[in-house]
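Undergrad: Pasting data_15.cif below, which is mmCIF, C-alpha atoms.
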data_coords
#
loop_
_atom_site.group_PDB
_atom_site.id
_atom_site.type_symbol
_atom_site.label_atom_id
_atom_site.label_comp_id
_atom_site.auth_asym_id
_atom_site.auth_seq_id
_atom_site.Cartn_x
_atom_site.Cartn_y
_atom_site.Cartn_z
ATOM 1 C CA MET A 1 16.359 -26.564 -0.478
ATOM 2 C CA HIS A 2 14.050 -29.519 0.029
ATOM 3 C CA LEU A 3 12.633 -30.809 3.305
ATOM 4 C CA ARG A 4 14.035 -34.239 2.546
ATOM 5 C CA HIS A 5 17.419 -32.785 3.477
ATOM 6 C CA ALA A 6 16.200 -32.275 7.071
ATOM 7 C CA THR A 7 17.424 -34.957 9.449
ATOM 8 C CA LEU A 8 15.569 -36.677 12.284
ATOM 9 C CA HIS A 9 18.255 -35.312 14.608
ATOM 10 C CA GLN A 10 17.439 -31.747 13.555
ATOM 11 C CA LEU A 11 13.707 -32.338 13.942
ATOM 12 C CA ARG A 12 14.166 -33.713 17.473
ATOM 13 C CA ILE A 13 16.297 -30.708 18.392
ATOM 14 C CA PHE A 14 13.738 -28.293 16.965
ATOM 15 C CA LEU A 15 10.889 -30.023 18.793
ATOM 16 C CA ALA A 16 12.770 -29.798 22.103
ATOM 17 C CA VAL A 17 13.303 -26.067 21.614
ATOM 18 C CA ALA A 18 9.642 -25.613 20.686
ATOM 19 C CA ARG A 19 8.509 -27.595 23.734
ATOM 20 C CA HIS A 20 10.654 -25.609 26.183
ATOM 21 C CA SER A 21 10.528 -22.238 24.367
ATOM 22 C CA SER A 22 14.187 -22.099 25.279
ATOM 23 C CA PHE A 23 17.416 -22.988 23.472
ATOM 24 C CA ALA A 24 19.269 -23.375 26.769
ATOM 25 C CA ARG A 25 16.778 -25.812 28.339
ATOM 26 C CA ALA A 26 16.581 -27.824 25.113
ATOM 27 C CA ALA A 27 20.377 -28.058 24.999
ATOM 28 C CA GLU A 28 20.414 -29.240 28.606
ATOM 29 C CA GLU A 29 17.755 -31.891 27.941
ATOM 30 C CA LEU A 30 19.547 -33.210 24.852
ATOM 31 C CA HIS A 31 23.048 -32.944 26.379
ATOM 32 C CA LEU A 32 24.219 -30.679 23.556
ATOM 33 C CA SER A 33 26.240 -27.490 23.711
ATOM 34 C CA PRO A 34 24.126 -24.362 22.982
ATOM 35 C CA PRO A 35 26.212 -23.449 19.892
ATOM 36 C CA THR A 36 25.766 -26.931 18.422
ATOM 37 C CA LEU A 37 22.033 -26.835 19.040
ATOM 38 C CA SER A 38 21.654 -23.334 17.587
ATOM 39 C CA LEU A 39 23.572 -24.366 14.459
ATOM 40 C CA GLN A 40 21.270 -27.349 13.885
ATOM 41 C CA VAL A 41 18.161 -25.160 14.239
ATOM 42 C CA LYS A 42 19.657 -22.582 11.878
ATOM 43 C CA GLN A 43 20.392 -25.243 9.263
ATOM 44 C CA LEU A 44 16.856 -26.600 9.614
ATOM 45 C CA ALA A 45 15.404 -23.104 9.108
ATOM 46 C CA GLU A 46 17.504 -22.751 5.950
ATOM 47 C CA THR A 47 16.159 -26.088 4.721
ATOM 48 C CA VAL A 48 12.577 -24.989 5.413
ATOM 49 C CA GLY A 49 13.263 -21.627 3.813
ATOM 50 C CA GLN A 50 11.473 -19.645 6.514
ATOM 51 C CA PRO A 51 12.249 -18.491 10.077
ATOM 52 C CA LEU A 52 11.066 -20.978 12.697
ATOM 53 C CA PHE A 53 11.344 -18.734 15.766
ATOM 54 C CA GLU A 54 11.014 -15.058 16.523
ATOM 55 C CA GLN A 55 12.409 -13.346 19.596
ATOM 56 C CA LEU A 56 10.413 -10.765 21.546
ATOM 57 C CA GLY A 57 12.463 -9.376 24.387
ATOM 58 C CA LYS A 58 14.106 -12.331 26.105
ATOM 59 C CA LYS A 59 11.449 -14.832 24.997
ATOM 60 C CA ILE A 60 11.244 -16.872 21.805
ATOM 61 C CA PHE A 61 8.045 -17.832 20.021
ATOM 62 C CA LEU A 62 7.223 -20.104 17.101
ATOM 63 C CA THR A 63 6.474 -18.461 13.800
ATOM 64 C CA ALA A 64 3.608 -19.753 11.648
ATOM 65 C CA ALA A 65 6.100 -21.962 9.816
ATOM 66 C CA GLY A 66 7.497 -23.089 13.164
ATOM 67 C CA ARG A 67 4.069 -24.107 14.436
ATOM 68 C CA ALA A 68 3.378 -26.086 11.275
ATOM 69 C CA LEU A 69 6.740 -27.832 11.561
ATOM 70 C CA ALA A 70 6.201 -28.555 15.275
ATOM 71 C CA ASP A 71 2.902 -30.285 14.485
ATOM 72 C CA ALA A 72 4.622 -32.368 11.801
ATOM 73 C CA CYS A 73 7.461 -33.236 14.209
ATOM 74 C CA GLN A 74 4.933 -34.471 16.761
ATOM 75 C CA ASP A 75 3.405 -36.722 14.097
ATOM 76 C CA ILE A 76 6.833 -38.048 13.093
ATOM 77 C CA GLU A 77 7.842 -38.671 16.728
ATOM 78 C CA SER A 78 4.599 -40.542 17.410
ATOM 79 C CA ARG A 79 5.054 -42.658 14.289
ATOM 80 C CA MET A 80 8.654 -43.504 15.188
ATOM 81 C CA GLU A 81 7.537 -44.464 18.695
ATOM 82 C CA ARG A 82 4.876 -46.773 17.240
ATOM 83 C CA LEU A 83 7.494 -48.286 14.948
ATOM 84 C CA SER A 84 9.764 -48.900 17.935
ATOM 85 C CA GLN A 85 6.884 -50.573 19.765
ATOM 86 C CA ASP A 86 6.023 -52.720 16.745
ATOM 87 C CA LEU A 87 9.616 -53.871 16.394
ATOM 88 C CA ALA A 88 9.809 -54.603 20.117
ATOM 89 C CA ALA A 89 6.599 -56.629 19.877
ATOM 90 C CA LEU A 90 8.127 -58.667 17.058
ATOM 91 C CA ARG A 91 11.068 -59.475 19.342
ATOM 92 C CA GLY A 92 8.676 -60.425 22.130
ATOM 93 C CA VAL A 93 8.217 -59.084 25.648
ATOM 94 C CA GLU A 94 11.747 -60.097 26.663
ATOM 95 C CA LYS A 95 13.188 -57.244 24.593
ATOM 96 C CA GLY A 96 12.315 -53.593 24.238
ATOM 97 C CA SER A 97 12.025 -50.635 26.567
ATOM 98 C CA LEU A 98 9.628 -49.297 29.181
ATOM 99 C CA LYS A 99 9.248 -45.695 30.363
ATOM 100 C CA ILE A 100 7.041 -45.030 33.377
ATOM 101 C CA ALA A 101 6.328 -41.861 35.336
ATOM 102 C CA ILE A 102 5.113 -42.163 38.904
ATOM 103 C CA LEU A 103 3.776 -39.804 41.523
ATOM 104 C CA THR A 104 6.224 -38.977 44.312
ATOM 105 C CA THR A 105 4.046 -40.750 46.877
ATOM 106 C CA VAL A 106 4.057 -43.965 44.827
ATOM 107 C CA LYS A 107 7.824 -44.298 45.231
ATOM 108 C CA TYR A 108 7.103 -46.268 48.407
ATOM 109 C CA THR A 109 5.196 -48.925 46.422
ATOM 110 C CA VAL A 110 5.890 -49.097 42.701
ATOM 111 C CA PRO A 111 9.715 -49.377 42.650
ATOM 112 C CA LYS A 112 9.453 -52.683 44.555
ATOM 113 C CA LEU A 113 6.987 -53.968 41.968
ATOM 114 C CA LEU A 114 9.221 -52.681 39.187
ATOM 115 C CA GLY A 115 12.203 -54.479 40.719
ATOM 116 C CA GLY A 116 10.362 -57.795 40.571
ATOM 117 C CA PHE A 117 9.300 -57.119 36.993
ATOM 118 C CA CYS A 118 12.872 -56.317 35.914
ATOM 119 C CA ALA A 119 14.144 -59.487 37.577
ATOM 120 C CA ALA A 120 11.565 -61.504 35.631
ATOM 121 C CA HIS A 121 12.298 -59.655 32.351
ATOM 122 C CA PRO A 122 16.013 -58.728 32.412
ATOM 123 C CA GLY A 123 16.079 -57.944 28.694
ATOM 124 C CA ILE A 124 13.764 -54.923 29.040
ATOM 125 C CA GLU A 125 15.388 -51.516 29.451
ATOM 126 C CA VAL A 126 13.454 -49.493 32.045
ATOM 127 C CA ALA A 127 13.423 -45.757 32.791
ATOM 128 C CA MET A 128 11.389 -44.336 35.689
ATOM 129 C CA PHE A 129 10.573 -40.670 36.308
ATOM 130 C CA VAL A 130 9.383 -39.548 39.759
ATOM 131 C CA GLY A 131 7.574 -36.225 40.122
ATOM 132 C CA ASN A 132 4.612 -34.325 41.521
ATOM 133 C CA ARG A 133 1.144 -34.370 40.015
ATOM 134 C CA GLU A 134 1.584 -31.223 37.916
ATOM 135 C CA THR A 135 4.751 -32.559 36.299
ATOM 136 C CA LEU A 136 3.159 -35.939 35.582
ATOM 137 C CA LEU A 137 0.173 -34.279 33.930
ATOM 138 C CA GLN A 138 2.510 -32.256 31.711
ATOM 139 C CA ARG A 139 4.361 -35.407 30.685
ATOM 140 C CA LEU A 140 1.070 -37.224 30.110
ATOM 141 C CA ALA A 141 -0.269 -34.420 27.909
ATOM 142 C CA SER A 142 2.858 -34.614 25.742
ATOM 143 C CA ASN A 143 2.930 -38.447 25.742
ATOM 144 C CA GLN A 144 6.503 -38.665 27.039
ATOM 145 C CA ASP A 145 6.150 -42.043 28.774
ATOM 146 C CA ASP A 146 4.460 -45.413 28.313
ATOM 147 C CA LEU A 147 2.534 -45.524 31.600
ATOM 148 C CA TYR A 148 1.732 -43.077 34.389
ATOM 149 C CA ILE A 149 0.898 -44.047 37.953
ATOM 150 C CA MET A 150 -0.981 -41.529 40.073
ATOM 151 C CA GLY A 151 -3.660 -41.203 42.700
ATOM 152 C CA GLN A 152 -6.261 -39.255 40.759
ATOM 153 C CA PRO A 153 -6.635 -39.505 36.969
ATOM 154 C CA PRO A 154 -7.019 -36.149 35.199
ATOM 155 C CA GLN A 155 -10.503 -35.214 34.075
ATOM 156 C CA GLN A 156 -9.278 -32.681 31.535
ATOM 157 C CA LEU A 157 -7.343 -35.226 29.459
ATOM 158 C CA ASP A 158 -8.690 -38.099 27.363
ATOM 159 C CA VAL A 159 -7.059 -41.062 29.074
ATOM 160 C CA VAL A 160 -7.488 -44.705 30.019
ATOM 161 C CA SER A 161 -7.242 -45.214 33.786
ATOM 162 C CA GLU A 162 -7.423 -48.450 35.778
ATOM 163 C CA ASP A 163 -7.133 -48.662 39.553
ATOM 164 C CA PHE A 164 -4.854 -51.458 40.712
ATOM 165 C CA ALA A 165 -4.413 -50.870 44.454
ATOM 166 C CA GLU A 166 -5.876 -49.042 47.432
ATOM 167 C CA ASN A 167 -4.192 -45.906 48.727
ATOM 168 C CA PRO A 168 -5.517 -45.208 52.248
ATOM 169 C CA LEU A 169 -5.000 -41.668 53.561
ATOM 170 C CA VAL A 170 -4.459 -41.434 57.316
ATOM 171 C CA LEU A 171 -4.511 -38.529 59.758
ATOM 172 C CA VAL A 172 -1.249 -38.183 61.682
ATOM 173 C CA ALA A 173 -0.161 -36.047 64.618
ATOM 174 C CA PRO A 174 2.893 -35.596 66.852
ATOM 175 C CA PRO A 175 2.894 -37.971 69.855
ATOM 176 C CA THR A 176 2.212 -35.096 72.279
ATOM 177 C CA HIS A 177 -0.949 -33.851 70.559
ATOM 178 C CA PRO A 178 -3.967 -33.651 72.940
ATOM 179 C CA LEU A 179 -6.198 -35.646 70.547
ATOM 180 C CA VAL A 180 -3.869 -38.670 70.588
ATOM 181 C CA GLY A 181 -5.625 -41.658 72.149
ATOM 182 C CA GLN A 182 -9.109 -40.137 71.942
ATOM 183 C CA PRO A 183 -11.556 -42.448 70.167
ATOM 184 C CA SER A 184 -13.710 -41.480 67.197
ATOM 185 C CA VAL A 185 -12.704 -37.832 66.888
ATOM 186 C CA ALA A 186 -15.419 -35.965 64.971
ATOM 187 C CA PRO A 187 -14.328 -33.894 61.939
ATOM 188 C CA GLN A 188 -15.775 -30.778 63.587
ATOM 189 C CA ARG A 189 -13.220 -31.116 66.415
ATOM 190 C CA LEU A 190 -10.488 -30.640 63.817
ATOM 191 C CA ALA A 191 -11.838 -27.300 62.562
ATOM 192 C CA ASN A 192 -9.449 -25.256 64.707
ATOM 193 C CA GLU A 193 -6.406 -27.482 64.198
ATOM 194 C CA SER A 194 -3.514 -26.308 62.044
ATOM 195 C CA PHE A 195 -2.731 -28.517 59.046
ATOM 196 C CA ILE A 196 0.410 -29.036 57.024
ATOM 197 C CA LEU A 197 -0.693 -29.444 53.405
ATOM 198 C CA ARG A 198 0.824 -30.415 50.082
ATOM 199 C CA GLU A 199 1.013 -27.870 47.276
ATOM 200 C CA PRO A 200 -2.222 -26.821 45.480
ATOM 201 C CA GLY A 201 -3.195 -29.385 42.840
ATOM 202 C CA SER A 202 -1.826 -32.343 44.787
ATOM 203 C CA GLY A 203 -4.177 -35.329 44.637
ATOM 204 C CA THR A 204 -3.883 -35.903 48.386
ATOM 205 C CA ARG A 205 -4.709 -32.267 49.118
ATOM 206 C CA LEU A 206 -7.715 -32.343 46.783
ATOM 207 C CA SER A 207 -9.102 -35.413 48.573
ATOM 208 C CA VAL A 208 -8.546 -33.922 52.030
ATOM 209 C CA GLU A 209 -10.125 -30.574 51.169
ATOM 210 C CA ARG A 210 -13.099 -32.356 49.598
ATOM 211 C CA PHE A 211 -13.616 -34.483 52.727
ATOM 212 C CA PHE A 212 -13.610 -31.535 55.109
ATOM 213 C CA ALA A 213 -15.711 -29.380 52.767
ATOM 214 C CA GLU A 214 -18.388 -32.101 52.889
ATOM 215 C CA HIS A 215 -18.441 -31.535 56.659
ATOM 216 C CA GLY A 216 -18.600 -27.760 56.287
ATOM 217 C CA ILE A 217 -15.008 -27.251 57.432
ATOM 218 C CA THR A 218 -12.335 -25.054 55.879
ATOM 219 C CA LEU A 219 -8.906 -26.283 56.875
ATOM 220 C CA LYS A 220 -6.503 -23.969 58.669
ATOM 221 C CA ASN A 221 -3.473 -24.104 56.433
ATOM 222 C CA ARG A 222 -0.381 -23.429 58.509
ATOM 223 C CA LEU A 223 2.175 -24.461 55.922
ATOM 224 C CA GLU A 224 2.287 -25.695 52.327
ATOM 225 C CA VAL A 225 5.095 -28.190 51.768
ATOM 226 C CA GLY A 226 6.105 -29.780 48.483
ATOM 227 C CA SER A 227 7.224 -33.195 49.742
ATOM 228 C CA ASN A 228 5.873 -35.892 52.029
ATOM 229 C CA GLU A 229 9.231 -36.189 53.788
ATOM 230 C CA ALA A 230 9.172 -32.534 54.773
ATOM 231 C CA ILE A 231 5.542 -32.791 55.918
ATOM 232 C CA LYS A 232 6.368 -35.733 58.198
ATOM 233 C CA GLN A 233 9.248 -33.869 59.804
ATOM 234 C CA THR A 234 7.109 -30.746 60.241
ATOM 235 C CA VAL A 235 4.307 -32.697 61.937
ATOM 236 C CA ALA A 236 6.790 -34.553 64.148
ATOM 237 C CA GLY A 237 8.094 -31.148 65.188
ATOM 238 C CA GLY A 238 4.666 -30.214 66.506
ATOM 239 C CA LEU A 239 3.627 -27.616 63.941
ATOM 240 C CA GLY A 240 0.329 -29.239 62.992
ATOM 241 C CA LEU A 241 -1.564 -32.262 61.703
ATOM 242 C CA ALA A 242 -1.382 -33.830 58.260
ATOM 243 C CA VAL A 243 -3.172 -36.320 56.067
ATOM 244 C CA LEU A 244 -0.755 -38.594 54.221
ATOM 245 C CA SER A 245 -0.780 -41.838 52.303
ATOM 246 C CA ALA A 246 -0.408 -44.732 54.724
ATOM 247 C CA THR A 247 2.486 -46.068 52.624
ATOM 248 C CA THR A 248 4.570 -42.994 53.480
ATOM 249 C CA VAL A 249 4.368 -43.171 57.292
ATOM 250 C CA VAL A 250 5.060 -46.827 58.094
ATOM 251 C CA SER A 251 8.538 -46.181 59.527
ATOM 252 C CA GLU A 252 7.529 -43.060 61.472
ATOM 253 C CA LEU A 253 4.600 -44.855 63.105
ATOM 254 C CA ALA A 254 6.821 -47.801 64.044
ATOM 255 C CA LEU A 255 9.379 -45.431 65.589
ATOM 256 C CA LYS A 256 6.569 -43.481 67.313
ATOM 257 C CA GLU A 257 7.698 -40.251 65.697
ATOM 258 C CA LEU A 258 4.130 -39.863 64.451
ATOM 259 C CA VAL A 259 0.820 -41.179 65.806
ATOM 260 C CA LEU A 260 -2.447 -41.953 64.052
ATOM 261 C CA LEU A 261 -5.515 -40.049 65.170
ATOM 262 C CA GLU A 262 -8.725 -42.070 65.366
ATOM 263 C CA ALA A 263 -10.868 -39.615 63.413
ATOM 264 C CA GLN A 264 -14.288 -40.377 61.971
ATOM 265 C CA GLY A 265 -14.107 -40.979 58.227
ATOM 266 C CA PHE A 266 -10.449 -42.017 58.288
ATOM 267 C CA PRO A 267 -8.686 -43.598 56.632
ATOM 268 C CA LEU A 268 -9.899 -42.011 53.404
ATOM 269 C CA ILE A 269 -9.740 -44.772 50.829
ATOM 270 C CA ARG A 270 -8.294 -43.654 47.525
ATOM 271 C CA HIS A 271 -6.706 -45.743 44.794
ATOM 272 C CA TRP A 272 -3.587 -45.899 42.704
ATOM 273 C CA TYR A 273 -4.263 -45.769 38.977
ATOM 274 C CA VAL A 274 -2.237 -46.772 35.960
ATOM 275 C CA VAL A 275 -2.958 -44.167 33.285
ATOM 276 C CA TYR A 276 -2.089 -43.644 29.619
ATOM 277 C CA PRO A 277 -3.507 -41.584 26.731
ATOM 278 C CA LYS A 278 -6.637 -43.008 25.152
ATOM 279 C CA GLY A 279 -5.844 -44.545 21.799
ATOM 280 C CA LYS A 280 -2.185 -45.151 22.688
ATOM 281 C CA LYS A 281 -0.897 -48.490 21.445
ATOM 282 C CA LEU A 282 0.995 -49.964 24.374
ATOM 283 C CA SER A 283 4.237 -51.769 23.668
ATOM 284 C CA ALA A 284 4.655 -55.408 24.631
ATOM 285 C CA ALA A 285 6.796 -54.308 27.600
ATOM 286 C CA ALA A 286 4.224 -51.754 28.804
ATOM 287 C CA THR A 287 1.403 -54.270 28.463
ATOM 288 C CA ALA A 288 3.418 -56.836 30.432
ATOM 289 C CA PHE A 289 4.213 -54.357 33.220
ATOM 290 C CA LYS A 290 0.580 -53.273 33.483
ATOM 291 C CA ALA A 291 -0.412 -56.921 33.885
ATOM 292 C CA TRP A 292 2.375 -57.321 36.481
ATOM 293 C CA LEU A 293 0.939 -54.434 38.529
ATOM 294 C CA PHE A 294 -2.422 -56.128 38.782
ATOM 295 C CA GLU A 295 -0.975 -59.567 39.444
ATOM 296 C CA HIS A 296 1.340 -58.364 42.228
ATOM 297 C CA ARG A 297 -0.621 -55.409 43.567
ATOM 298 C CA PRO A 298 -0.290 -54.859 47.307
ATOM 299 C CA SER A 299 -3.175 -55.469 49.667
ATOM 300 C CA SER A 300 -4.659 -52.613 51.670
ATOM 301 C CA THR A 301 -1.938 -50.969 53.744
ATOM 302 C CA ALA A 302 -4.074 -48.935 56.146
ATOM 303 C CA PRO A 303 -2.334 -49.170 59.533
ATOM 304 C CA THR A 304 -4.203 -49.347 62.809
ATOM 305 C CA SER A 305 -3.421 -47.182 65.795
#
What's the structure tokens form of this structure?

TA:
Amino acid sequence: MHLRHATLHQLRIFLAVARHSSFARAAEELHLSPPTLSLQVKQLAETVGQPLFEQLGKKIFLTAAGRALADACQDIESRMERLSQDLAALRGVEKGSLKIAILTTVKYTVPKLLGGFCAAHPGIEVAMFVGNRETLLQRLASNQDDLYIMGQPPQQLDVVSEDFAENPLVLVAPPTHPLVGQPSVAPQRLANESFILREPGSGTRLSVERFFAEHGITLKNRLEVGSNEAIKQTVAGGLGLAVLSATTVVSELALKELVLLEAQGFPLIRHWYVVYPKGKKLSAAATAFKAWLFEHRPSSTAPTS
């Protein structure tokens, strides 16, 4: 058989299986039944004339032919994406699609900006993914979205990053904490305090650990929690202190469920960045949304105690 008999549908299915190293997860992503997906991969392997996967135990791996085909599929997918962007550009910014991936913490800021953008450009179809830093970096490495918004651009990837807004990090405590109301608390006074931290690799955690390391302090990690909402509830319950983005604690401070500590060096001023792979040709919709971010970016949101 000849490769020209392979269909784009089969290539997309194969690439999903290769990306996940799993037929089941690929079927779930593509909303296909496992038998249908397996049949398409089998037919593609017959077209290629060589096995594409080999199974060792319960795991599947690409064969040499599979790796070569996966590389070609990536090239085809990138070219089709560029074609889609070119066609959208010909229609103008009022048509087309936009895919953005944002850090969980940014959900307090960016969706409002996105809502205004969609109201101004109702013809653009928008999809937004919300996840933690590790997931965003995986999506960025595989170029799954148009734009990524995060608090700390990756150094290990070749990307374009532009900061568009401040992201102040504040130190919060339960209202009954003995340091509440004390002015200018020195970092050294926090050395014996228990902290509730985000998971390793979180941008907020990296910034906090770097700040205290500069003062010769190793934080006492009482709990690691994977969401800001859970951290806020844990701190309000009196289990420790936390450093969080100011955008995430506005309601809790207003309700006096949490209190700011007046600690030296706080708030830590970080920034939100819009990020995309270097060399990526942004669509008209992505370019317009990036401009919208800068035009409508929020002012500093650092609260005062």

Undergrad: Please provide as a list of chain:residue names all residues within 12 Å of Thr176 in chain A, with the sequence filter that same-chain residues fewer than 5 positions apart are discarded (counting all atoms listed in the file).

TA: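 Here the qualifying residues turn out to be A:Gly181, A:Val235, A:Ala236, A:Gly237, A:Gly238, A:Leu239, A:Gly240, A:Leu241, A:Lys256, A:Glu257, A:Leu258, A:Val259, A:Leu260, A:Leu261.
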
Undergrad: Using the chain letters and numbers from the file, which residues does the PyMOL selection byres ((chain A and resi 50-56) around 10) grab, as an MDAnalysis selection string?

TA: chainID A and resid 14 17:18 21 41:42 44:49 57:70

Undergrad: For each of A:Glu134, A:Lys232, A:Arg12, A:Phe211, take the minimum atom-to-atom distance to Glu199 in chain A, counting all atoms listed in the file, then give the residue where this is smallest.

TA: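 Once distances to Glu199 in chain A are computed over all atoms listed in the file, the minimum belongs to A:Glu134.
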
Undergrad: Given the point (1.5, -34.4, 28.1) in the coordinates of this file, which residues lie within 12 Å, counting only C-alpha atoms, and how would they look as a VMD selection string?

TA: chain A and resid 19 74 101 133 to 148 154 156 to 159 275 to 277

Undergrad: Keeping only C-alpha atoms, write the selected residues to a file as a PDB file, in the frame of the given file.

TA:
ATOM      1  CA  ARG A  19       8.509 -27.595  23.734  1.00  0.00           C
ATOM      2  CA  GLN A  74       4.933 -34.471  16.761  1.00  0.00           C
ATOM      3  CA  ALA A 101       6.328 -41.861  35.336  1.00  0.00           C
ATOM      4  CA  ARG A 133       1.144 -34.370  40.015  1.00  0.00           C
ATOM      5  CA  GLU A 134       1.584 -31.223  37.916  1.00  0.00           C
ATOM      6  CA  THR A 135       4.751 -32.559  36.299  1.00  0.00           C
ATOM      7  CA  LEU A 136       3.159 -35.939  35.582  1.00  0.00           C
ATOM      8  CA  LEU A 137       0.173 -34.279  33.930  1.00  0.00           C
ATOM      9  CA  GLN A 138       2.510 -32.256  31.711  1.00  0.00           C
ATOM     10  CA  ARG A 139       4.361 -35.407  30.685  1.00  0.00           C
ATOM     11  CA  LEU A 140       1.070 -37.224  30.110  1.00  0.00           C
ATOM     12  CA  ALA A 141      -0.269 -34.420  27.909  1.00  0.00           C
ATOM     13  CA  SER A 142       2.858 -34.614  25.742  1.00  0.00           C
ATOM     14  CA  ASN A 143       2.930 -38.447  25.742  1.00  0.00           C
ATOM     15  CA  GLN A 144       6.503 -38.665  27.039  1.00  0.00           C
ATOM     16  CA  ASP A 145       6.150 -42.043  28.774  1.00  0.00           C
ATOM     17  CA  ASP A 146       4.460 -45.413  28.313  1.00  0.00           C
ATOM     18  CA  LEU A 147       2.534 -45.524  31.600  1.00  0.00           C
ATOM     19  CA  TYR A 148       1.732 -43.077  34.389  1.00  0.00           C
ATOM     20  CA  PRO A 154      -7.019 -36.149  35.199  1.00  0.00           C
ATOM     21  CA  GLN A 156      -9.278 -32.681  31.535  1.00  0.00           C
ATOM     22  CA  LEU A 157      -7.343 -35.226  29.459  1.00  0.00           C
ATOM     23  CA  ASP A 158      -8.690 -38.099  27.363  1.00  0.00           C
ATOM     24  CA  VAL A 159      -7.059 -41.062  29.074  1.00  0.00           C
ATOM     25  CA  VAL A 275      -2.958 -44.167  33.285  1.00  0.00           C
ATOM     26  CA  TYR A 276      -2.089 -43.644  29.619  1.00  0.00           C
ATOM     27  CA  PRO A 277      -3.507 -41.584  26.731  1.00  0.00           C
TER      28      PRO A 277
END

Undergrad: For Ser245 in chain A, which residue out of A:Lys107, A:Lys290, A:His121, A:Arg222 is the nearest one, using all atoms listed in the file?

TA: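 Of A:Lys107, A:Lys290, A:His121, A:Arg222, the one nearest Ser245 in chain A, counting all atoms listed in the file, is A:Lys107.
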
Undergrad: Kindly give the distance, in Å, that separates CA of Ala27 in chain A and CA of Gln10 in chain A, rounded to a single decimal.

TA: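 Separation of CA of Ala27 in chain A and CA of Gln10 in chain A: 12.4 Å.
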
Undergrad: Using only C-alpha atoms, can you tell me which of A:Ser33, A:His296, A:Gly279, A:Asp71 comes closest to Gly115 in chain A?

TA: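 Nearest candidate to Gly115 in chain A out of A:Ser33, A:His296, A:Gly279, A:Asp71: A:His296.
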
Undergrad: Would you pick out the contacts of range 204-207 of chain A at 8 Å or less, using only C-alpha atoms, so that residues sharing its chain but fewer than 6 positions from it are not included, and give the list as a list of chain:residue names?

TA: A:Gly151, A:Leu169, A:Leu197, A:Arg198, A:Val243, A:Leu244, A:Ser245

Undergrad: Which value, in Å to one decimal, gives the distance between CA of Leu293 in chain A and CA of Tyr273 in chain A?

TA: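 Taking CA of Leu293 in chain A and CA of Tyr273 in chain A, their separation equals 10.1 Å.
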
Undergrad: Using the chain letters and numbers from this file, what does the PyMOL selection byres ((chain A and resi 270) around 8) select? Give the answer as a list in words.

TA: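 Going through the file, the PyMOL selection byres ((chain A and resi 270) around 8) ends up selecting Gly151, Glu166, Asn167, Pro168, Leu169, Leu268, Ile269, His271 and Trp272 of chain A.
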
Undergrad: Which residues, protein or nucleic acid, reach to within 8 Å of (0.0, -53.6, 40.1) in the file's coordinates when using only C-alpha atoms, and can you give that as a list of chain:residue names?

TA: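 Answer for this query, in the requested form: A:Val110, A:Leu113, A:Phe164, A:Ala165, A:Lys290, A:Ala291, A:Trp292, A:Leu293, A:Phe294, A:Glu295, A:His296, A:Arg297, A:Pro298.
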
Undergrad: Written as a PyMOL selection string, which residues does the PyMOL selection byres ((chain A and resi 215) around 12) give for the file shown?

TA: chain A and resi 186-191+208-214+216-219+264-265

Undergrad: Which one of A:Met150, A:Val126, A:Val185, A:Leu87 sits closest to Ser202 in chain A if you count all atoms listed in the file?

TA: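 Closest to Ser202 in chain A of all the choices is A:Met150.
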
Undergrad: State, in Å with one decimal place, the distance from CA of Gly96 in chain A to CA of Val130 in chain A.

TA: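 Distance between the two atoms: 21.1 Å.
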
Undergrad: Identify which of the residues A:His20, A:Leu98, A:Glu77, A:Val106 lies closest to Ala286 in chain A, counting only C-alpha atoms when measuring atom-to-atom distances.

TA: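 Answer, going by the shortest atom-to-atom distance: A:Leu98.
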
Undergrad: Just the residues within 9 Å of Pro267 in chain A, please, counting only C-alpha atoms, with nothing from its chain fewer than 3 positions along; format it as a list in words.

TA: Pro168, Leu169, Val170, Leu171, Ala246, Glu262, Ala263, Gln264, Ala302 and Pro303 of chain A

Undergrad: Write range 195-202 of chain A as an mmCIF file, in the coordinates of the input, completed to N, CA and C atoms.

TA:
data_model
loop_
_atom_site.group_PDB
_atom_site.id
_atom_site.type_symbol
_atom_site.label_atom_id
_atom_site.label_comp_id
_atom_site.auth_asym_id
_atom_site.auth_seq_id
_atom_site.Cartn_x
_atom_site.Cartn_y
_atom_site.Cartn_z
ATOM 1 N N PHE A 195 -3.109 -27.404 59.917
ATOM 2 C CA PHE A 195 -2.731 -28.517 59.046
ATOM 3 C C PHE A 195 -1.524 -28.151 58.197
ATOM 4 N N ILE A 196 -0.706 -29.157 57.960
ATOM 5 C CA ILE A 196 0.410 -29.036 57.024
ATOM 6 C C ILE A 196 -0.048 -29.706 55.734
ATOM 7 N N LEU A 197 -0.102 -28.959 54.643
ATOM 8 C CA LEU A 197 -0.693 -29.444 53.405
ATOM 9 C C LEU A 197 0.321 -29.511 52.276
ATOM 10 N N ARG A 198 0.048 -30.391 51.310
ATOM 11 C CA ARG A 198 0.824 -30.415 50.082
ATOM 12 C C ARG A 198 0.475 -29.192 49.237
ATOM 13 N N GLU A 199 1.219 -29.014 48.149
ATOM 14 C CA GLU A 199 1.013 -27.870 47.276
ATOM 15 C C GLU A 199 -0.360 -27.953 46.602
ATOM 16 N N PRO A 200 -0.947 -26.806 46.194
ATOM 17 C CA PRO A 200 -2.222 -26.821 45.480
ATOM 18 C C PRO A 200 -2.127 -27.707 44.232
ATOM 19 N N GLY A 201 -3.194 -28.475 43.983
ATOM 20 C CA GLY A 201 -3.195 -29.385 42.840
ATOM 21 C C GLY A 201 -2.793 -30.798 43.185
ATOM 22 N N SER A 202 -2.189 -30.997 44.348
ATOM 23 C CA SER A 202 -1.826 -32.343 44.787
ATOM 24 C C SER A 202 -3.086 -33.181 44.944
#
